[in-house]
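As provided, input-v5.cif (mmCIF, C-alpha atoms and all ligand atoms) reads as follows.
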```cif
data_entry
loop_
_atom_site.label_atom_id
_atom_site.label_comp_id
_atom_site.auth_asym_id
_atom_site.auth_seq_id
_atom_site.Cartn_x
_atom_site.Cartn_y
_atom_site.Cartn_z
CA MET A 1 15.79 -12.64 -15.58
CA LYS A 2 17.47 -12.00 -18.89
CA LEU A 3 15.31 -9.80 -21.03
CA LYS A 4 14.89 -10.63 -24.68
CA ASP A 5 13.99 -7.53 -26.54
CA SER A 6 11.30 -7.21 -29.09
CA THR A 7 13.67 -6.29 -31.70
CA ASN A 8 16.38 -8.78 -31.09
CA THR A 9 19.16 -7.91 -29.23
CA GLU A 10 22.16 -5.92 -29.44
CA ALA A 11 22.41 -6.45 -25.70
CA ALA A 12 22.28 -10.22 -26.07
CA MET A 13 24.76 -10.18 -28.95
CA LYS A 14 27.20 -8.13 -26.93
CA GLY A 15 26.64 -10.40 -23.97
CA SER A 16 25.00 -7.59 -21.95
CA LYS A 17 22.31 -8.68 -19.60
CA TYR A 18 19.82 -5.86 -20.10
CA ARG A 19 19.07 -3.65 -23.03
CA ASN A 20 19.38 0.09 -22.56
CA PHE A 21 16.24 1.34 -24.21
CA PRO A 22 15.79 4.83 -25.73
CA MET A 23 12.52 6.67 -25.09
CA VAL A 24 10.89 9.67 -26.74
CA PRO A 25 12.45 12.57 -24.82
CA ARG A 26 9.65 15.11 -25.31
CA VAL A 27 5.91 14.77 -25.59
CA ILE A 28 3.05 17.22 -25.49
CA PHE A 29 -0.48 15.96 -24.81
CA GLY A 30 -3.92 17.54 -25.02
CA ALA A 31 -6.80 18.41 -27.32
CA GLY A 32 -5.61 21.29 -29.53
CA SER A 33 -1.93 20.82 -28.59
CA PHE A 34 -1.11 20.60 -32.32
CA ASP A 35 -1.36 24.40 -32.38
CA GLN A 36 1.81 24.56 -30.27
CA LEU A 37 3.85 22.84 -32.97
CA HIS A 38 4.99 26.25 -34.27
CA GLU A 39 6.62 27.18 -30.95
CA ILE A 40 8.06 23.65 -30.57
CA LEU A 41 9.82 23.93 -33.94
CA LEU A 42 11.04 27.49 -33.52
CA PRO A 43 14.30 26.74 -31.62
CA ARG A 44 15.20 24.20 -34.34
CA ARG A 45 15.05 26.70 -37.16
CA ARG A 46 18.50 27.97 -38.14
CA ASN A 47 17.86 29.91 -41.35
CA THR A 48 15.68 29.85 -44.45
CA ASP A 49 18.00 27.39 -46.20
CA ALA A 50 17.14 24.79 -43.58
CA PRO A 51 13.39 24.37 -43.76
CA VAL A 52 11.14 21.96 -41.93
CA ILE A 53 9.69 19.18 -44.08
CA PHE A 54 6.16 18.08 -43.20
CA LEU A 55 5.17 14.61 -44.44
CA VAL A 56 1.39 14.57 -44.24
CA ASP A 57 -1.21 11.86 -44.93
CA ASP A 58 -3.00 12.97 -48.09
CA VAL A 59 -6.33 12.17 -46.45
CA PHE A 60 -5.98 15.70 -44.99
CA ALA A 61 -5.72 17.43 -48.39
CA GLY A 62 -8.33 20.17 -48.49
CA THR A 63 -9.20 19.88 -44.79
CA PRO A 64 -8.81 22.64 -42.17
CA LEU A 65 -5.78 20.81 -40.72
CA MET A 66 -3.69 21.95 -43.69
CA ALA A 67 -4.02 25.61 -42.67
CA ARG A 68 -2.93 24.75 -39.12
CA ILE A 69 0.37 23.17 -40.20
CA PRO A 70 2.99 25.74 -39.11
CA ALA A 71 4.84 25.85 -42.44
CA ILE A 72 6.75 29.12 -42.85
CA MET A 73 9.39 30.48 -45.20
CA GLU A 74 10.84 27.68 -47.36
CA ASP A 75 9.21 24.83 -45.43
CA GLN A 76 7.71 22.07 -47.55
CA ILE A 77 4.52 20.10 -47.09
CA ILE A 78 4.65 16.76 -48.91
CA LEU A 79 1.32 14.93 -49.12
CA ILE A 80 1.65 11.14 -49.11
CA SER A 81 -0.97 8.43 -49.51
CA ALA A 82 -1.31 5.86 -46.73
CA ASP A 83 -3.19 3.47 -49.03
CA GLU A 84 -0.12 1.27 -49.12
CA GLU A 85 2.23 0.54 -46.26
CA PRO A 86 5.64 2.24 -46.44
CA LYS A 87 8.36 0.91 -48.72
CA THR A 88 12.14 1.29 -48.70
CA HIS A 89 12.22 2.64 -52.28
CA GLN A 90 9.60 5.23 -51.31
CA VAL A 91 11.92 6.41 -48.53
CA ASP A 92 14.86 6.55 -50.97
CA ALA A 93 12.80 8.64 -53.40
CA LEU A 94 11.70 11.07 -50.68
CA VAL A 95 15.27 11.49 -49.42
CA ALA A 96 16.52 12.09 -52.99
CA LYS A 97 13.81 14.70 -53.58
CA ILE A 98 14.46 16.52 -50.31
CA SER A 99 18.25 16.46 -50.75
CA SER A 100 18.08 17.74 -54.32
CA GLU A 101 15.73 20.63 -53.54
CA ILE A 102 17.26 21.90 -50.32
CA PRO A 103 20.69 23.52 -50.10
CA GLU A 104 21.52 22.21 -46.63
CA ALA A 105 20.12 19.65 -44.22
CA PRO A 106 16.51 20.36 -43.25
CA ALA A 107 15.88 21.64 -39.73
CA GLY A 108 13.56 18.72 -39.09
CA ILE A 109 11.08 16.18 -40.40
CA VAL A 110 7.51 16.14 -39.10
CA GLY A 111 5.28 13.13 -39.81
CA ILE A 112 1.52 13.73 -39.54
CA GLY A 113 -0.76 10.71 -39.90
CA GLY A 114 -1.23 7.11 -38.79
CA GLY A 115 1.46 4.44 -38.43
CA THR A 116 2.27 4.65 -42.14
CA LEU A 117 3.22 8.35 -42.07
CA LEU A 118 4.95 8.05 -38.70
CA ASP A 119 7.12 5.22 -40.00
CA LEU A 120 7.94 7.13 -43.19
CA ALA A 121 8.97 10.21 -41.19
CA LYS A 122 11.26 8.15 -38.96
CA ALA A 123 12.86 6.42 -41.93
CA VAL A 124 13.37 9.65 -43.91
CA ALA A 125 14.97 11.31 -40.85
CA ILE A 126 17.37 8.38 -40.52
CA MET A 127 18.25 8.25 -44.20
CA LEU A 128 18.92 11.99 -44.50
CA ASN A 129 21.87 11.44 -42.15
CA ASN A 130 23.04 8.02 -43.36
CA GLU A 131 24.61 6.93 -46.64
CA GLY A 132 23.28 4.41 -49.12
CA LYS A 133 19.92 2.74 -49.56
CA THR A 134 17.22 2.35 -46.95
CA GLN A 135 17.03 -1.42 -47.39
CA GLN A 136 20.57 -1.86 -46.06
CA TYR A 137 19.43 -0.64 -42.62
CA GLN A 138 16.48 -3.03 -42.28
CA GLY A 139 17.40 -5.13 -39.29
CA TRP A 140 18.77 -4.48 -35.82
CA ASP A 141 21.16 -1.72 -34.86
CA LEU A 142 22.66 -1.17 -38.28
CA VAL A 143 22.33 2.64 -38.33
CA PRO A 144 25.66 4.39 -37.61
CA ASN A 145 24.59 8.08 -37.51
CA GLU A 146 21.94 9.87 -35.48
CA ALA A 147 18.76 10.70 -37.38
CA LEU A 148 17.78 14.24 -38.28
CA TYR A 149 15.52 15.89 -35.68
CA HIS A 150 12.09 14.29 -36.19
CA VAL A 151 8.64 14.87 -34.78
CA GLY A 152 5.66 12.49 -34.82
CA VAL A 153 2.06 13.67 -34.83
CA PRO A 154 -0.31 10.68 -34.76
CA THR A 155 -3.78 11.13 -36.25
CA LEU A 156 -4.88 7.53 -35.66
CA SER A 157 -4.36 5.62 -32.41
CA GLY A 158 -3.19 2.08 -31.87
CA THR A 159 0.07 1.09 -33.55
CA GLY A 160 2.37 2.55 -30.90
CA ALA A 161 4.61 3.73 -33.76
CA GLU A 162 4.77 7.09 -31.97
CA VAL A 163 6.88 5.53 -29.17
CA SER A 164 8.59 2.60 -30.80
CA ARG A 165 12.22 2.07 -31.75
CA THR A 166 11.34 0.68 -35.16
CA THR A 167 10.01 1.81 -38.51
CA VAL A 168 8.43 -1.09 -40.39
CA LEU A 169 9.20 -1.04 -44.11
CA LEU A 170 8.52 -3.27 -47.05
CA GLY A 171 11.83 -3.79 -48.86
CA PRO A 172 12.66 -5.65 -52.07
CA ASN A 173 13.11 -8.92 -50.19
CA ARG A 174 11.31 -8.59 -46.90
CA LYS A 175 9.10 -6.61 -44.57
CA LEU A 176 11.34 -5.62 -41.70
CA GLY A 177 11.89 -2.65 -39.44
CA ILE A 178 14.84 -0.34 -39.07
CA ASN A 179 15.29 -1.07 -35.37
CA SER A 180 17.77 1.35 -33.88
CA ASP A 181 18.39 3.73 -31.02
CA PHE A 182 18.10 6.58 -33.56
CA THR A 183 14.64 5.56 -34.77
CA PRO A 184 12.43 6.99 -31.96
CA PHE A 185 11.03 10.48 -32.40
CA ASP A 186 12.71 13.44 -30.70
CA GLN A 187 9.30 14.93 -30.05
CA VAL A 188 5.75 13.61 -30.19
CA VAL A 189 2.59 15.70 -30.30
CA LEU A 190 -0.40 13.82 -28.90
CA ASP A 191 -3.50 15.78 -29.86
CA PRO A 192 -6.51 13.45 -29.56
CA ASP A 193 -8.67 15.82 -31.62
CA LEU A 194 -6.61 14.97 -34.71
CA THR A 195 -8.20 11.50 -34.68
CA LYS A 196 -11.74 12.89 -35.06
CA GLY A 197 -12.23 11.99 -38.72
CA VAL A 198 -10.99 8.39 -38.64
CA PRO A 199 -13.48 6.04 -40.35
CA ARG A 200 -15.11 3.70 -37.84
CA ASP A 201 -13.74 0.42 -39.16
CA GLN A 202 -10.22 1.83 -39.33
CA TRP A 203 -10.58 3.19 -35.78
CA PHE A 204 -11.45 -0.32 -34.62
CA TYR A 205 -8.77 -2.16 -36.60
CA THR A 206 -5.91 0.11 -35.50
CA GLY A 207 -7.32 0.25 -31.95
CA MET A 208 -7.27 -3.56 -31.90
CA ASP A 209 -3.60 -3.47 -32.94
CA CYS A 210 -3.04 -1.90 -29.52
CA PHE A 211 -5.31 -4.38 -27.76
CA ILE A 212 -3.47 -7.28 -29.42
CA HIS A 213 -0.08 -5.79 -28.47
CA CYS A 214 -1.27 -5.95 -24.85
CA VAL A 215 -2.61 -9.52 -25.05
CA GLU A 216 0.54 -10.79 -26.73
CA SER A 217 2.89 -8.95 -24.41
CA LEU A 218 1.05 -9.81 -21.17
CA ASN A 219 0.73 -13.50 -22.11
CA GLY A 220 4.24 -13.91 -23.43
CA ALA A 221 7.31 -15.57 -21.98
CA TYR A 222 9.24 -12.28 -22.19
CA ILE A 223 6.88 -10.46 -19.84
CA ASN A 224 8.50 -8.49 -17.03
CA ALA A 225 7.39 -5.84 -14.55
CA PHE A 226 8.30 -2.96 -16.89
CA SER A 227 6.20 -4.28 -19.78
CA ARG A 228 3.41 -5.48 -17.55
CA SER A 229 2.92 -2.06 -15.98
CA TYR A 230 2.38 -0.48 -19.41
CA GLY A 231 0.48 -3.44 -20.88
CA GLU A 232 -2.03 -3.59 -18.04
CA LYS A 233 -2.73 0.13 -18.28
CA ALA A 234 -3.19 -0.05 -22.05
CA MET A 235 -5.51 -3.04 -21.66
CA GLU A 236 -7.63 -1.18 -19.11
CA LEU A 237 -7.89 1.82 -21.46
CA CYS A 238 -8.83 -0.41 -24.43
CA LYS A 239 -11.58 -2.06 -22.41
CA ALA A 240 -12.98 1.34 -21.46
CA VAL A 241 -12.90 2.59 -25.06
CA PHE A 242 -14.37 -0.48 -26.75
CA LEU A 243 -16.69 -1.89 -24.08
CA GLU A 244 -18.03 1.16 -22.21
CA GLU A 245 -20.06 4.17 -23.27
CA LEU A 246 -17.66 7.12 -23.24
CA GLU A 247 -17.94 10.68 -24.43
CA PRO A 248 -16.20 10.90 -27.83
CA SER A 249 -13.52 13.25 -26.48
CA GLU A 250 -12.74 10.90 -23.58
CA SER A 251 -12.66 7.93 -25.91
CA ARG A 252 -10.16 9.69 -28.20
CA GLU A 253 -7.93 10.65 -25.28
CA LYS A 254 -8.01 7.19 -23.77
CA LEU A 255 -7.24 5.39 -27.03
CA MET A 256 -4.33 7.73 -27.74
CA MET A 257 -2.83 6.92 -24.34
CA ALA A 258 -3.60 3.20 -24.78
CA SER A 259 -1.56 3.26 -27.99
CA TRP A 260 1.33 4.92 -26.18
CA HIS A 261 1.28 2.44 -23.30
CA GLY A 262 0.79 -0.55 -25.60
CA GLY A 263 3.84 0.55 -27.60
CA MET A 264 5.87 0.93 -24.41
CA SER A 265 4.77 -2.52 -23.30
CA ILE A 266 6.07 -4.30 -26.40
CA ALA A 267 9.21 -2.18 -26.50
CA TYR A 268 10.57 -4.20 -23.61
CA SER A 269 8.87 -7.52 -24.38
CA GLN A 270 7.53 -8.87 -27.68
CA VAL A 271 4.39 -9.53 -29.69
CA GLY A 272 3.18 -13.06 -30.50
CA VAL A 273 1.16 -15.41 -32.68
CA ALA A 274 -1.26 -12.85 -34.19
CA HIS A 275 1.54 -10.61 -35.37
CA ALA A 276 3.51 -13.54 -36.82
CA LEU A 277 0.48 -14.71 -38.82
CA SER A 278 -0.48 -11.16 -39.76
CA TYR A 279 2.95 -10.68 -41.34
CA GLY A 280 2.29 -13.69 -43.58
CA LEU A 281 -1.10 -12.30 -44.58
CA SER A 282 0.29 -8.90 -45.34
CA TYR A 283 3.24 -10.33 -47.29
CA VAL A 284 1.07 -12.27 -49.75
CA LEU A 285 -2.16 -10.26 -49.79
CA GLY A 286 -1.00 -6.77 -48.79
CA THR A 287 -3.53 -6.79 -45.94
CA PRO A 288 -3.00 -3.68 -43.75
CA HIS A 289 -1.48 -4.30 -40.33
CA GLY A 290 -4.49 -3.53 -38.10
CA LEU A 291 -7.02 -5.42 -40.24
CA GLY A 292 -4.62 -8.34 -40.68
CA ASN A 293 -4.18 -8.64 -36.93
CA CYS A 294 -7.96 -8.65 -36.41
CA LEU A 295 -8.59 -11.27 -39.10
CA VAL A 296 -6.04 -13.57 -37.56
CA PHE A 297 -6.70 -12.91 -33.89
CA ARG A 298 -10.37 -14.04 -34.06
CA HIS A 299 -9.12 -17.58 -34.70
CA LEU A 300 -6.49 -17.77 -31.98
CA GLN A 301 -8.61 -19.00 -29.07
CA ASP A 302 -6.21 -21.92 -28.58
CA TYR A 303 -3.43 -19.45 -27.78
CA TYR A 304 -5.23 -16.47 -26.22
CA PRO A 305 -8.65 -17.70 -24.96
CA GLU A 306 -9.45 -14.70 -22.74
CA GLY A 307 -8.09 -12.21 -25.28
CA VAL A 308 -10.22 -13.66 -28.08
CA ARG A 309 -13.30 -13.61 -25.85
CA LEU A 310 -12.75 -9.92 -25.11
CA PHE A 311 -11.98 -9.16 -28.76
CA ASN A 312 -15.27 -10.73 -29.86
CA ALA A 313 -17.17 -8.79 -27.20
CA MET A 314 -15.57 -5.55 -28.42
CA ALA A 315 -16.31 -6.27 -32.09
CA GLU A 316 -19.91 -7.11 -31.24
CA LYS A 317 -20.39 -4.03 -29.06
CA GLN A 318 -18.97 -1.82 -31.81
CA ARG A 319 -20.91 -3.69 -34.53
CA ILE A 320 -17.83 -4.34 -36.64
CA GLU A 321 -18.22 -6.66 -39.63
CA PHE A 322 -15.03 -8.29 -40.90
CA PRO A 323 -14.33 -9.14 -44.53
CA GLU A 324 -14.98 -12.85 -45.17
CA LYS A 325 -13.19 -15.46 -47.31
CA VAL A 326 -10.07 -13.31 -47.49
CA CYS A 327 -7.90 -16.39 -48.03
CA GLY A 328 -10.55 -18.21 -50.06
CA GLY A 329 -8.88 -17.74 -53.44
CA LEU A 330 -5.37 -18.60 -52.32
CA THR A 331 -3.44 -21.53 -53.71
CA GLU A 332 -1.63 -24.10 -51.59
CA HIS A 333 1.60 -22.45 -52.70
CA ASP A 334 0.38 -19.06 -51.38
CA LEU A 335 -0.53 -20.64 -48.05
CA ASP A 336 2.90 -22.27 -47.86
CA THR A 337 4.57 -18.90 -48.48
CA MET A 338 2.44 -17.27 -45.78
CA ALA A 339 3.28 -20.00 -43.27
CA GLU A 340 6.95 -19.68 -44.15
CA VAL A 341 6.91 -15.90 -43.57
CA ALA A 342 5.08 -16.39 -40.27
CA LEU A 343 7.54 -19.04 -39.10
CA GLU A 344 10.50 -16.76 -39.79
CA MET A 345 9.40 -14.62 -36.85
CA GLY A 346 11.32 -16.69 -34.31
CA PRO A 347 11.29 -14.28 -31.35
CA LEU A 348 7.51 -13.83 -31.66
CA TRP A 349 6.97 -17.58 -31.47
CA GLU A 350 9.40 -17.98 -28.65
CA ASN A 351 7.60 -15.26 -26.72
CA ALA A 352 4.21 -16.89 -27.39
CA LEU A 353 5.06 -20.57 -26.95
CA GLY A 354 8.33 -20.72 -25.04
CA GLN A 355 11.79 -21.92 -25.95
CA ASP A 356 10.60 -25.20 -27.44
CA TRP A 357 8.25 -23.37 -29.82
CA GLU A 358 9.59 -25.23 -32.86
CA ALA A 359 8.24 -28.48 -31.40
CA GLN A 360 4.80 -26.93 -30.93
CA ILE A 361 4.06 -25.27 -34.25
CA ASP A 362 4.35 -26.34 -37.87
CA PRO A 363 3.23 -25.01 -41.26
CA GLU A 364 0.10 -27.20 -41.24
CA ARG A 365 -1.21 -25.71 -37.98
CA ILE A 366 -0.57 -22.22 -39.31
CA LYS A 367 -2.29 -22.95 -42.63
CA GLU A 368 -5.32 -24.23 -40.70
CA VAL A 369 -5.75 -20.74 -39.25
CA TYR A 370 -5.31 -19.06 -42.64
CA ARG A 371 -7.93 -21.34 -44.17
CA LYS A 372 -10.49 -20.00 -41.68
CA ILE A 373 -9.91 -16.37 -42.67
P1 LIG A 401 -2.35 3.96 -41.57
O1 LIG A 401 -1.41 5.02 -41.17
O2 LIG A 401 -1.92 3.04 -42.65
O3 LIG A 401 -3.74 4.64 -41.97
C1 LIG A 401 -4.89 3.84 -42.25
C2 LIG A 401 -5.95 4.68 -42.94
O4 LIG A 401 -6.46 5.67 -42.04
C3 LIG A 401 -5.39 5.45 -44.14
O5 LIG A 401 -6.36 5.42 -45.16
C4 LIG A 401 -5.23 6.87 -43.61
O6 LIG A 401 -5.32 7.83 -44.62
C5 LIG A 401 -6.40 6.95 -42.66
N1 LIG A 401 -6.29 7.97 -41.60
C6 LIG A 401 -5.28 8.19 -40.73
N2 LIG A 401 -5.60 9.20 -39.88
C7 LIG A 401 -6.83 9.64 -40.24
C8 LIG A 401 -7.70 10.66 -39.76
N3 LIG A 401 -7.41 11.41 -38.67
N4 LIG A 401 -8.88 10.85 -40.40
C9 LIG A 401 -9.23 10.07 -41.46
N5 LIG A 401 -8.46 9.08 -41.95
C10 LIG A 401 -7.27 8.87 -41.34
O7 LIG A 401 -2.83 3.05 -40.34
P2 LIG A 401 -2.18 2.57 -38.99
O8 LIG A 401 -2.93 1.37 -38.62
O9 LIG A 401 -2.07 3.69 -38.02
O10 LIG A 401 -0.70 2.21 -39.39
C11 LIG A 401 -0.35 1.00 -40.04
C12 LIG A 401 1.13 1.04 -40.32
O11 LIG A 401 1.83 1.15 -39.08
C13 LIG A 401 1.65 -0.20 -41.01
O12 LIG A 401 2.53 0.19 -42.03
C14 LIG A 401 2.39 -0.95 -39.91
O13 LIG A 401 3.46 -1.73 -40.41
C15 LIG A 401 2.89 0.21 -39.09
N6 LIG A 401 3.20 -0.13 -37.70
C16 LIG A 401 4.34 0.38 -37.18
C17 LIG A 401 4.68 0.10 -35.89
C18 LIG A 401 5.94 0.67 -35.34
O14 LIG A 401 6.25 0.43 -34.17
N7 LIG A 401 6.70 1.42 -36.07
C19 LIG A 401 3.85 -0.66 -35.06
C20 LIG A 401 2.68 -1.18 -35.62
C21 LIG A 401 2.35 -0.88 -36.94
ZN ZN A 402 1.00 -4.29 -34.22
#
```

Would you give me this structure, written as structure tokens?
Ligand code: NAD
Ligand code: ZN
Amino acid sequence: MKLKDSTNTEAAMKGSKYRNFPMVPRVIFGAGSFDQLHEILLPRRRNTDAPVIFLVDDVFAGTPLMARIPAIMEDQIILISADEEPKTHQVDALVAKISSEIPEAPAGIVGIGGGTLLDLAKAVAIMLNNEGKTQQYQGWDLVPNEALYHVGVPTLSGTGAEVSRTTVLLGPNRKLGINSDFTPFDQVVLDPDLTKGVPRDQWFYTGMDCFIHCVESLNGAYINAFSRSYGEKAMELCKAVFLEELEPSESREKLMMASWHGGMSIAYSQVGVAHALSYGLSYVLGTPHGLGNCLVFRHLQDYYPEGVRLFNAMAEKQRIEFPEKVCGGLTEHDLDTMAEVALEMGPLWENALGQDWEAQIDPERIKEVYRKI
């Protein structure tokens, strides 16, 4: 079978049959493993002119985590808000700041936070070693030079950004990832205790991002044994976390590993209808990724009947209330724009509906879903 990759397809463009997929080469896992970050970074440190730059979610300002960040000598800690999803001009500004303040290339970039901070860290590491503006690398395999050494430390589980080969950025014209072999982290630190303070709704929304990755990957046309093996494991872990009674520490560990496996599953397959529609929602309304996926997915029983049944059972068990009438105030023009953005995601539709997807979906059917949200 010819594999279509999630991120389009250098392999296909070159006529190669299978894509040669990069993975995160080093990972440390365990409650408290964050405290080993100092020793992990040590061999990377050359001299005081080449500090480590820590990009940290500002939700941690004033918390005990700040004192545990192993910043020494001239290292910098830059606090960044995750209230808005990452933007290309934000990456450009960070790279300009770092380059102007530091005499030589930093020893490494460490991103500490949810998907937003992880994506920013990946993008900054790429752009410190590549010329020009970030927006010119949005797309597939456009990055010529290796990224600077970069480390991801997730504090929120679900997106799979810690394993993926993309960094999703909002640019001047479009929301699109920098998909490249240089995007994945060189090192990931999986410390489930770092997710302790996540607000409950956010925990559910981002956790459901992982669940939806599994549903879309396992039910898609691009499924293969590689993706299935990860997707099934992630699905099993999600069911345990959201439908069973677990000890909090076990729940944190399991969701962190679900996120990892869910990310691996879509790396070699593709997402589907929920992600396509969620992109439209986020483009017009700025709805965050996890919440957007949830709002959409509830109305996709025609496409994923068993997935939607499980999703509803999980939301009920966890007593999650979703915002209502999110699309209520939108004009017909807004809905058209959203449908247009969703329909641009060709590979997602092809994965969900098959090669003749264009005959099966149209803007009206998509707008029907948005009207229910
Ligand atoms: P996020 O990083 O945007 O964070 C959501 C909220 O949770 C923020 O308010 C943040 O401050 C807070 N938070 C994070 N960790 C916390 C903690 N331990 N305690 C308290 N609060 C905490 O959320 P997300 O859902 O992880 O990431 C969404 C982003 O990930 C989007 O930009 C999306 O495009 C991107 N994404 C990337 C990929 C990829 O493969 N690169 C995949 C899916 C999504
Ligand atoms: Zn997702």

Write out, as CSV, each residue of chain A that has an atom at most 7 Å from ligand ZN 402 (chain A), together with the closest pair of atoms and their distance in Å to one decimal, counting all atoms listed in the file, rows going by chain and rising number.
```
residue,atom,partner,partner_atom,distance
A:Thr159,CA,A:ZN402,ZN,5.5
A:Asp209,CA,A:ZN402,ZN,4.8
A:Cys210,CA,A:ZN402,ZN,6.6
A:His213,CA,A:ZN402,ZN,6.0
A:His275,CA,A:ZN402,ZN,6.4
A:His289,CA,A:ZN402,ZN,6.6
A:Gly290,CA,A:ZN402,ZN,6.8
```

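If you measure from each of A:Glu321, A:Asp336, A:Asp83, A:Glu316 to ligand LIG 401 (chain A) using all atoms listed in the file, the closest one turns out to be A:Asp83.
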
Using all atoms listed in the file, determine which residues lie at most 10 Å from A:Glu358, disregarding the query and same-chain residues fewer than 3 positions distant; provide the list as a list of chain:residue names.
-> A:Leu343, A:Gly346, A:Trp349, A:Glu350, A:Leu353, A:Gly354, A:Gln355, A:Ile361, A:Asp362

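Atom CA of A:Val56 is found 18.5 Å from atom CA of A:Ile102.
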
Please identify the residues whose atoms come within 8 Å of ligand LIG 401 (chain A), using only C-alpha atoms and all ligand atoms, and report them as a count of residues only.
-> 49

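Counting from atom CA of A:Asp334, the distance to atom CA of A:Tyr370 is 10.4 Å.
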
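Within 10 Å of A:Ala107, once all atoms listed in the file are used and residues closer than 2 positions along the same chain are dropped, the contacting residues are Leu41, Leu42, Pro43, Arg44, Arg45, Arg46, Asn47, Thr48, Asp49, Ala50, Pro51, Val52, Ile53, Asp75, Glu104, Ala105, Ile109, Leu148, Tyr149 and His150 of chain A.
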
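From atom CA of A:Ala342 back to atom CA of A:Ala276, the distance works out to 4.7 Å.
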
Selection: 12 Å around stretch 301-306 of chain A, only C-alpha atoms, excl. self and same-chain fewer than 4 positions, as a VMD selection string = chain A and resid 212 214 to 220 272 to 274 296 to 297 310 to 313 349 351 to 353 360 to 361 365 369

Got a moment to write stretch 87-104 of chain A out with N, CA and C atoms, as a CSV table (one decimal), in the first residue's frame?
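Contents of part20.csv, freshly written:
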```
chain,number,residue,atom,x,y,z
A,87,LYS,N,2.0,32.5,16.5
A,87,LYS,CA,1.9,33.2,15.2
A,87,LYS,C,3.3,33.3,14.6
A,88,THR,N,3.3,33.4,13.3
A,88,THR,CA,4.7,33.5,12.6
A,88,THR,C,5.4,34.8,13.0
A,89,HIS,N,4.6,35.9,13.2
A,89,HIS,CA,5.4,37.2,13.5
A,89,HIS,C,5.9,37.1,14.9
A,90,GLN,N,5.2,36.3,15.8
A,90,GLN,CA,5.7,36.2,17.2
A,90,GLN,C,7.0,35.4,17.2
A,91,VAL,N,7.1,34.4,16.3
A,91,VAL,CA,8.4,33.6,16.2
A,91,VAL,C,9.5,34.6,15.7
A,92,ASP,N,9.1,35.4,14.6
A,92,ASP,CA,10.1,36.3,14.1
A,92,ASP,C,10.6,37.3,15.2
A,93,ALA,N,9.7,37.8,16.0
A,93,ALA,CA,10.1,38.7,17.1
A,93,ALA,C,11.0,38.0,18.1
A,94,LEU,N,10.7,36.8,18.5
A,94,LEU,CA,11.5,36.1,19.5
A,94,LEU,C,12.9,35.8,18.9
A,95,VAL,N,13.0,35.4,17.6
A,95,VAL,CA,14.3,35.1,17.0
A,95,VAL,C,15.1,36.4,17.0
A,96,ALA,N,14.5,37.5,16.6
A,96,ALA,CA,15.2,38.8,16.6
A,96,ALA,C,15.7,39.2,18.0
A,97,LYS,N,14.9,39.0,19.0
A,97,LYS,CA,15.3,39.3,20.3
A,97,LYS,C,16.5,38.5,20.8
A,98,ILE,N,16.3,37.2,20.6
A,98,ILE,CA,17.4,36.3,21.0
A,98,ILE,C,18.7,36.6,20.2
A,99,SER,N,18.6,36.8,18.9
A,99,SER,CA,19.8,37.0,18.1
A,99,SER,C,20.5,38.3,18.5
A,100,SER,N,19.7,39.3,18.9
A,100,SER,CA,20.3,40.6,19.2
A,100,SER,C,20.9,40.6,20.6
A,101,GLU,N,20.5,39.8,21.5
A,101,GLU,CA,21.0,39.8,22.8
A,101,GLU,C,22.1,38.9,23.1
A,102,ILE,N,22.3,37.9,22.2
A,102,ILE,CA,23.3,36.8,22.5
A,102,ILE,C,24.4,36.8,21.4
A,103,PRO,N,25.6,36.8,21.9
A,103,PRO,CA,26.7,37.0,21.0
A,103,PRO,C,26.9,35.8,20.0
A,104,GLU,N,26.6,34.6,20.4
A,104,GLU,CA,26.7,33.5,19.4
A,104,GLU,C,25.4,32.7,19.5
```
